[in-house]
Structures are given as structure tokens and as C-alpha cells.
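Quick look at protein-v8.cif (mmCIF, C-alpha atoms):
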```cif
data_coords
#
loop_
_atom_site.group_PDB
_atom_site.id
_atom_site.type_symbol
_atom_site.label_atom_id
_atom_site.label_comp_id
_atom_site.auth_asym_id
_atom_site.auth_seq_id
_atom_site.Cartn_x
_atom_site.Cartn_y
_atom_site.Cartn_z
ATOM 1 C CA MET F 1 -5.967 -59.907 109.593
ATOM 2 C CA THR F 2 -8.418 -57.117 108.742
ATOM 3 C CA TYR F 3 -11.144 -55.131 110.472
ATOM 4 C CA THR F 4 -14.373 -54.302 108.683
ATOM 5 C CA VAL F 5 -15.366 -50.708 109.361
ATOM 6 C CA THR F 6 -18.720 -49.153 108.531
ATOM 7 C CA THR F 7 -18.505 -45.406 108.075
ATOM 8 C CA HIS F 8 -20.961 -43.084 109.820
ATOM 9 C CA PRO F 9 -23.506 -41.181 107.676
ATOM 10 C CA SER F 10 -21.865 -37.905 108.659
ATOM 11 C CA SER F 11 -18.461 -39.134 107.493
ATOM 12 C CA LEU F 12 -16.502 -36.956 105.104
ATOM 13 C CA TRP F 13 -15.750 -39.934 102.892
ATOM 14 C CA PRO F 14 -17.648 -39.941 99.575
ATOM 15 C CA SER F 15 -19.420 -43.222 100.214
ATOM 16 C CA SER F 16 -21.208 -42.622 103.495
ATOM 17 C CA TYR F 17 -22.230 -46.217 104.001
ATOM 18 C CA GLY F 18 -19.233 -47.806 102.368
ATOM 19 C CA ARG F 19 -17.462 -50.705 104.026
ATOM 20 C CA HIS F 20 -13.653 -50.895 104.198
ATOM 21 C CA ASN F 21 -11.430 -53.749 105.218
ATOM 22 C CA LEU F 22 -8.737 -52.027 107.259
ATOM 23 C CA THR F 23 -5.542 -53.781 108.270
ATOM 24 C CA LYS F 24 -5.539 -54.486 111.994
ATOM 25 C CA ARG F 25 -1.769 -54.047 112.204
ATOM 26 C CA TRP F 26 -1.952 -50.298 111.451
ATOM 27 C CA LEU F 27 -4.717 -49.748 113.987
ATOM 28 C CA MET F 28 -2.748 -51.597 116.675
ATOM 29 C CA LYS F 29 0.444 -49.675 115.880
ATOM 30 C CA ILE F 30 -1.339 -46.381 116.495
ATOM 31 C CA ILE F 31 -2.790 -47.593 119.804
ATOM 32 C CA ASP F 32 0.447 -49.201 121.010
ATOM 33 C CA GLU F 33 2.572 -46.172 120.140
ATOM 34 C CA ARG F 34 0.166 -43.793 121.874
ATOM 35 C CA GLU F 35 0.268 -45.969 124.991
ATOM 36 C CA LYS F 36 4.084 -46.010 125.006
ATOM 37 C CA ASN F 37 4.081 -42.209 124.752
ATOM 38 C CA LEU F 38 1.918 -41.627 127.837
ATOM 39 C CA ASP F 39 4.975 -41.036 130.070
ATOM 40 C CA ASP F 40 5.507 -37.590 128.479
ATOM 41 C CA ARG F 41 9.275 -37.798 128.095
ATOM 42 C CA ALA F 42 11.490 -36.091 125.554
ATOM 43 C CA TYR F 43 12.559 -38.072 122.493
ATOM 44 C CA ARG F 44 16.082 -39.371 122.974
ATOM 45 C CA ASN F 45 16.969 -38.755 119.340
ATOM 46 C CA ILE F 46 15.450 -37.769 116.011
ATOM 47 C CA GLN F 47 15.064 -41.435 115.067
ATOM 48 C CA GLU F 48 12.832 -42.018 118.075
ATOM 49 C CA LEU F 49 10.632 -39.101 117.000
ATOM 50 C CA GLU F 50 10.506 -40.493 113.458
ATOM 51 C CA ASN F 51 9.564 -43.940 114.757
ATOM 52 C CA TYR F 52 6.714 -42.420 116.745
ATOM 53 C CA ALA F 53 5.544 -40.521 113.663
ATOM 54 C CA GLU F 54 5.796 -43.641 111.486
ATOM 55 C CA ASN F 55 3.678 -45.684 113.898
ATOM 56 C CA THR F 56 1.015 -42.984 114.286
ATOM 57 C CA GLN F 57 0.862 -40.449 111.453
ATOM 58 C CA SER F 58 2.151 -42.763 108.717
ATOM 59 C CA ALA F 59 -0.011 -45.639 109.942
ATOM 60 C CA LEU F 60 -3.050 -43.355 109.705
ATOM 61 C CA LEU F 61 -2.097 -42.529 106.123
ATOM 62 C CA TYR F 62 -1.775 -46.235 105.280
ATOM 63 C CA LEU F 63 -5.329 -46.712 106.545
ATOM 64 C CA THR F 64 -6.497 -43.712 104.514
ATOM 65 C CA LEU F 65 -4.948 -45.231 101.387
ATOM 66 C CA GLU F 66 -6.816 -48.459 102.072
ATOM 67 C CA ILE F 67 -10.085 -46.529 102.348
ATOM 68 C CA LEU F 68 -9.293 -44.860 99.013
ATOM 69 C CA GLY F 69 -8.678 -48.294 97.498
ATOM 70 C CA VAL F 70 -4.984 -47.630 96.854
ATOM 71 C CA LYS F 71 -2.579 -50.541 97.070
ATOM 72 C CA ASP F 72 0.701 -49.265 95.734
ATOM 73 C CA LEU F 73 4.287 -49.495 96.990
ATOM 74 C CA HIS F 74 5.197 -45.981 95.859
ATOM 75 C CA ALA F 75 2.150 -44.548 97.625
ATOM 76 C CA ASP F 76 3.172 -46.390 100.787
ATOM 77 C CA HIS F 77 6.690 -44.950 100.562
ATOM 78 C CA ALA F 78 5.288 -41.455 100.120
ATOM 79 C CA ALA F 79 2.910 -41.984 103.060
ATOM 80 C CA SER F 80 5.810 -43.078 105.256
ATOM 81 C CA HIS F 81 7.786 -39.912 104.575
ATOM 82 C CA ILE F 82 4.760 -37.606 104.825
ATOM 83 C CA GLY F 83 3.776 -39.139 108.145
ATOM 84 C CA LYS F 84 7.286 -38.607 109.502
ATOM 85 C CA ALA F 85 7.270 -35.002 108.294
ATOM 86 C CA GLN F 86 3.872 -34.530 109.956
ATOM 87 C CA GLY F 87 5.146 -35.919 113.251
ATOM 88 C CA ILE F 88 8.223 -33.692 113.245
ATOM 89 C CA VAL F 89 6.259 -30.550 112.353
ATOM 90 C CA THR F 90 3.662 -31.338 115.020
ATOM 91 C CA CYS F 91 6.442 -31.627 117.600
ATOM 92 C CA LEU F 92 7.859 -28.261 116.512
ATOM 93 C CA ARG F 93 4.505 -26.480 116.440
ATOM 94 C CA ALA F 94 3.623 -27.728 119.911
ATOM 95 C CA THR F 95 6.914 -26.607 121.463
ATOM 96 C CA PRO F 96 5.640 -23.200 122.728
ATOM 97 C CA TYR F 97 2.547 -24.823 124.236
ATOM 98 C CA HIS F 98 4.534 -27.614 125.865
ATOM 99 C CA GLY F 99 7.020 -25.054 127.166
ATOM 100 C CA SER F 100 4.190 -23.157 128.860
ATOM 101 C CA ARG F 101 3.473 -26.382 130.733
ATOM 102 C CA ARG F 102 7.187 -26.823 131.526
ATOM 103 C CA ARG F 103 7.642 -29.730 129.166
ATOM 104 C CA VAL F 104 10.061 -30.160 126.275
ATOM 105 C CA PHE F 105 9.815 -33.052 123.810
ATOM 106 C CA LEU F 106 12.413 -32.054 121.203
ATOM 107 C CA PRO F 107 15.044 -34.735 120.437
ATOM 108 C CA MET F 108 17.736 -34.648 123.123
ATOM 109 C CA ASP F 109 20.565 -35.678 120.779
ATOM 110 C CA ILE F 110 20.127 -32.558 118.631
ATOM 111 C CA CYS F 111 19.798 -30.341 121.704
ATOM 112 C CA MET F 112 23.021 -31.741 123.157
ATOM 113 C CA LEU F 113 24.783 -31.370 119.818
ATOM 114 C CA HIS F 114 24.234 -27.609 120.020
ATOM 115 C CA GLY F 115 24.727 -27.321 123.769
ATOM 116 C CA VAL F 116 21.082 -26.479 124.426
ATOM 117 C CA SER F 117 19.213 -27.529 127.552
ATOM 118 C CA GLN F 118 15.505 -27.958 128.160
ATOM 119 C CA GLU F 119 15.662 -24.870 130.350
ATOM 120 C CA ASP F 120 16.630 -22.806 127.285
ATOM 121 C CA PHE F 121 13.271 -23.654 125.726
ATOM 122 C CA LEU F 122 11.366 -23.126 128.951
ATOM 123 C CA ARG F 123 12.854 -19.622 129.148
ATOM 124 C CA LYS F 124 12.108 -19.006 125.449
ATOM 125 C CA ASN F 125 15.774 -18.438 124.747
ATOM 126 C CA GLN F 126 16.292 -17.121 121.211
ATOM 127 C CA ASP F 127 20.071 -17.543 120.966
ATOM 128 C CA LYS F 128 21.594 -18.880 117.766
ATOM 129 C CA ASN F 129 22.294 -22.329 119.217
ATOM 130 C CA VAL F 130 18.599 -22.691 120.125
ATOM 131 C CA ARG F 131 17.588 -21.707 116.601
ATOM 132 C CA ASP F 132 20.169 -24.162 115.253
ATOM 133 C CA VAL F 133 18.334 -26.962 117.059
ATOM 134 C CA ILE F 134 15.076 -25.930 115.393
ATOM 135 C CA TYR F 135 16.830 -25.618 112.022
ATOM 136 C CA ASP F 136 18.162 -29.187 112.230
ATOM 137 C CA ILE F 137 14.785 -30.624 113.195
ATOM 138 C CA ALA F 138 12.872 -28.605 110.588
ATOM 139 C CA SER F 139 15.405 -29.632 107.938
ATOM 140 C CA GLN F 140 14.641 -33.274 108.647
ATOM 141 C CA ALA F 141 10.932 -32.634 108.072
ATOM 142 C CA HIS F 142 11.735 -30.816 104.831
ATOM 143 C CA LEU F 143 13.870 -33.755 103.711
ATOM 144 C CA HIS F 144 10.988 -36.166 104.272
ATOM 145 C CA LEU F 145 8.674 -33.949 102.210
ATOM 146 C CA LYS F 146 11.253 -33.883 99.430
ATOM 147 C CA HIS F 147 11.534 -37.678 99.463
ATOM 148 C CA ALA F 148 7.730 -38.066 99.442
ATOM 149 C CA ARG F 149 7.407 -35.804 96.419
ATOM 150 C CA SER F 150 10.132 -37.685 94.567
ATOM 151 C CA PHE F 151 7.561 -40.493 94.139
ATOM 152 C CA HIS F 152 5.007 -38.096 92.633
ATOM 153 C CA LYS F 153 5.064 -39.504 89.096
ATOM 154 C CA SER F 154 4.765 -43.076 90.344
ATOM 155 C CA VAL F 155 1.963 -42.608 92.887
ATOM 156 C CA PRO F 156 -1.606 -43.258 91.646
ATOM 157 C CA VAL F 157 -3.594 -40.040 91.285
ATOM 158 C CA LYS F 158 -6.396 -41.334 93.495
ATOM 159 C CA ALA F 159 -3.922 -41.425 96.396
ATOM 160 C CA PHE F 160 -3.285 -37.679 96.208
ATOM 161 C CA PRO F 161 -6.207 -36.593 98.456
ATOM 162 C CA ALA F 162 -4.561 -38.490 101.313
ATOM 163 C CA PHE F 163 -1.382 -36.474 100.877
ATOM 164 C CA LEU F 164 -2.705 -32.912 100.647
ATOM 165 C CA GLN F 165 -1.531 -32.234 104.205
ATOM 166 C CA THR F 166 1.868 -31.614 102.627
ATOM 167 C CA VAL F 167 0.554 -28.141 101.730
ATOM 168 C CA ALA F 168 0.099 -27.205 105.389
ATOM 169 C CA LEU F 169 3.409 -28.809 106.349
ATOM 170 C CA GLU F 170 5.323 -26.870 103.726
ATOM 171 C CA ASP F 171 3.524 -23.665 104.733
ATOM 172 C CA TYR F 172 4.715 -24.026 108.329
ATOM 173 C CA LEU F 173 8.279 -24.882 107.304
ATOM 174 C CA LYS F 174 8.423 -21.793 105.096
ATOM 175 C CA LYS F 175 7.070 -19.612 107.894
ATOM 176 C CA ILE F 176 9.616 -20.879 110.385
ATOM 177 C CA GLN F 177 12.387 -20.258 107.869
ATOM 178 C CA ARG F 178 11.221 -16.651 107.397
ATOM 179 C CA VAL F 179 11.564 -15.962 111.134
ATOM 180 C CA ASP F 180 15.053 -17.492 111.198
ATOM 181 C CA PHE F 181 13.877 -20.579 113.098
ATOM 182 C CA ASP F 182 12.648 -18.669 116.130
ATOM 183 C CA ILE F 183 10.180 -21.264 117.385
ATOM 184 C CA PHE F 184 8.516 -18.704 119.684
ATOM 185 C CA HIS F 185 7.854 -16.057 117.035
ATOM 186 C CA PRO F 186 4.210 -14.868 117.248
ATOM 187 C CA SER F 187 3.691 -15.204 113.488
ATOM 188 C CA LEU F 188 3.984 -18.976 113.778
ATOM 189 C CA GLN F 189 0.763 -19.030 115.797
ATOM 190 C CA GLN F 190 -1.192 -17.108 113.163
ATOM 191 C CA LYS F 191 -3.426 -18.864 110.646
ATOM 192 C CA ASN F 192 -2.678 -18.636 106.943
ATOM 193 C CA THR F 193 -5.969 -17.468 105.446
ATOM 194 C CA LEU F 194 -4.738 -18.454 101.967
ATOM 195 C CA LEU F 195 -4.119 -22.068 102.957
ATOM 196 C CA PRO F 196 -7.543 -23.323 101.730
ATOM 197 C CA LEU F 197 -6.807 -21.753 98.348
ATOM 198 C CA SER F 198 -3.401 -23.449 98.231
ATOM 199 C CA LEU F 199 -5.053 -26.769 99.032
ATOM 200 C CA TYR F 200 -7.581 -26.257 96.249
ATOM 201 C CA ILE F 201 -4.859 -25.384 93.724
ATOM 202 C CA GLN F 202 -2.771 -28.430 94.609
ATOM 203 C CA SER F 203 -5.852 -30.639 94.383
ATOM 204 C CA TRP F 204 -6.807 -29.128 91.012
ATOM 205 C CA ARG F 205 -3.244 -29.659 89.733
ATOM 206 C CA ASN F 206 -3.256 -33.274 90.975
ATOM 207 C CA ARG F 207 -0.174 -32.676 93.074
ATOM 208 C CA TYR F 208 0.768 -33.079 96.707
#
```

Could you show the structure in this file as C-alpha cells?
Amino acid sequence: MTYTVTTHPSSLWPSSYGRHNLTKRWLMKIIDEREKNLDDRAYRNIQELENYAENTQSALLYLTLEILGVKDLHADHAASHIGKAQGIVTCLRATPYHGSRRRVFLPMDICMLHGVSQEDFLRKNQDKNVRDVIYDIASQAHLHLKHARSFHKSVPVKAFPAFLQTVALEDYLKKIQRVDFDIFHPSLQQKNTLLPLSLYIQSWRNRY
């Protein structure tokens, strides 16, 4: 089943008045997953975080591919991994903010593996075991980016604009590596003024 969507004149899409048949299933997945997440609880494990990312971030990318007129299995695989990477990075980036509101959403299985409690994050503990938790989670995001890029030669070029967020994701992962996975380091809250240039270069090179 599909929904017919008419874009608004102020839309960023090239065809302002274009009509797109969007798959209802992806729209419903986003809504359903958001509703399930309203209880504000920590993810039990990394798989639960990935499932949330798949049903929200990846689903949004599937819809974007449909708008771009891309129907390709390799593009879908890349979108799945990029969406999961996006979800994981978003969870990491939001950790200081959530901590200021006395909430922690990081996967509990990885925290328990390293003997870290939610209180460690609320107190902004910077011990090695806390940084090891962040390392494990960030590594999973990096792995998804690597998998997504392994499809690069098989993905249609017109799908690449949907995947340019990988530039920002990689930028954050590199920054967190430089501060030895200290999730509370002030530099992680600073904007990269060269990011627009990096996006332009990747777009010009037809890469993601």
C-alpha cells in the first residue's frame, strides 16, 4: 500500500510540486517506533538500539530513496547500515544532554560488561571503563558505516544525496576518537566549520 504525498512549494526537493508514492509501511514503522520509545527507558542492549534506528532513521532513508526514484537492493542495504549508524551516533551525542536531565539511554548490556552504572554517566565519570563503554558503542557505528560504504560501487549514483549524512557521522566518530572516547569532552559540542566543505567535496566526488 502506498501514500501519495504532494511536496510543499518551499520543499528542498528539486521538484517542488512533484508527487511521490511513498510506502505506508515505512511511515508506520517510524510512528510505531516513536510511540514505543515514549517511556524514556535505556536500551537493554545494542541490538535494541539498532532496531530503533532501523525503524526510524533507516526507514526515513528508504522513503528518501523512493522520493529520489531509487529502487535498488544495494541502496537499501546501505540505507539500513547508515540509519543504524545515525541512530547510534545520535544516542552518543545526546548523552551529555540526557545526563543533565538525569537520564541515560546507552545500552545496558555494554555498560554491565564494563561494570559501569548509570550513575557513572550522571556524575560525568571519565574513568577508563566508562570510556570503554563509549568505545564499544562508537565502534558499532563505525562498523555500520564501513558496511554501508562497501556497497559504494553497486549503489546507483542518484542515491548518493540521501547518504551524505555519513560525512557528519564520520566527523563525530573521528572527534570522539581524538578525545579518547570521553563523551563529555567540550570539543564534542563544538561545530565543525569545515563540514559544509566536506559535504560539497563528497558530493562532487560522487561518494558517501

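Checking F:Asp180, F:Ala159, F:Glu170, F:Thr56 one by one against F:Lys128, counting all atoms listed in the file, you find the shortest gap at F:Asp180.
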
Give me the residues near stretch 32-45 of chain F as JSON, numbers by chain, where near means some atom within 9 Å (using all atoms listed in the file) and where sequence neighbours in that chain fewer than 6 positions away do not count. {"F": [52, 55, 56, 103, 104, 105, 106, 107, 108, 109, 110]}

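Residue membership of the PyMOL selection byres ((chain F and resi 132) around 12) in the shown file amounts to F:Ile110, F:Cys111, F:Met112, F:Leu113, F:His114, F:Gly115, F:Val116, F:Asn125, F:Gln126, F:Asp127, F:Lys128, F:Asn129, F:Val130, F:Arg131, F:Val133, F:Ile134, F:Tyr135, F:Asp136, F:Ile137, F:Ala138, F:Ser139, F:Gln177, F:Asp180, F:Phe181, F:Asp182, F:Ile183.
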
Length of the atom CA of F:Lys84 to atom CA of F:Ala53 vector [Å]: 4.9 Å

Using Å and a single decimal, report how far atom CA of F:Leu197 sits from atom CA of F:Gly69. 26.6 Å

Do you know which residues the PyMOL selection byres ((chain F and resi 72-81) around 8) returns on this file, as a ChimeraX atom specification? /F:54,58-59,61-62,70-71,82-85,144-145,147-149,151,154-156,159,163

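Considering the residues F:Ser187, F:Asn21, F:Gln118, F:Gln86 and counting only C-alpha atoms, F:Asn51 has its shortest atom-to-atom contact with F:Gln86.
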
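The interatomic distance for the pair atom CA of F:Leu68 and atom CA of F:Lys158 works out to 7.2 Å.
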
Given all atoms listed in the file as the counted atoms, nearest of F:Lys24, F:His98, F:Arg205, F:Gly87 to F:Glu66: F:Lys24

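The residue that comes closest to F:Gln47, out of F:Leu143, F:Leu27, F:Ile88, F:Ile176 and on the basis of only C-alpha atoms, is F:Ile88.
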
Matched chain/residue IDs from the PyMOL selection byres ((chain F and resi 207) around 10), as a list in words: Arg149, His152, Lys153, Val157, Phe160, Pro161, Phe163, Leu164, Thr166, Val167, Leu199, Ile201, Gln202, Ser203, Trp204, Arg205, Asn206 and Tyr208 of chain F

Once you add 5 Å to each side, what are the centre and edge lengths of the axis-aligned box holding all listed atoms of stretch 148-154 of chain F? One decimal in Å, as lines of an AutoDock Vina configuration file, if you can.
```
center_x = 7.4
center_y = -39.4
center_z = 94.3
size_x = 15.4
size_y = 17.3
size_z = 20.3
```

Name all residues at most 10 Å from F:Pro96 (count all atoms listed in the file; drop same-chain ones fewer than 5 positions away) and give them as a PyMOL selection string. chain F and resi 91+101-104+121-122+124+183-185+189

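Comparing the minimum interatomic distances between F:Leu173 and each of F:Leu63, F:Leu195, F:Ala141, F:Ala94, counting all atoms listed in the file, we find that F:Ala141 sits nearest.
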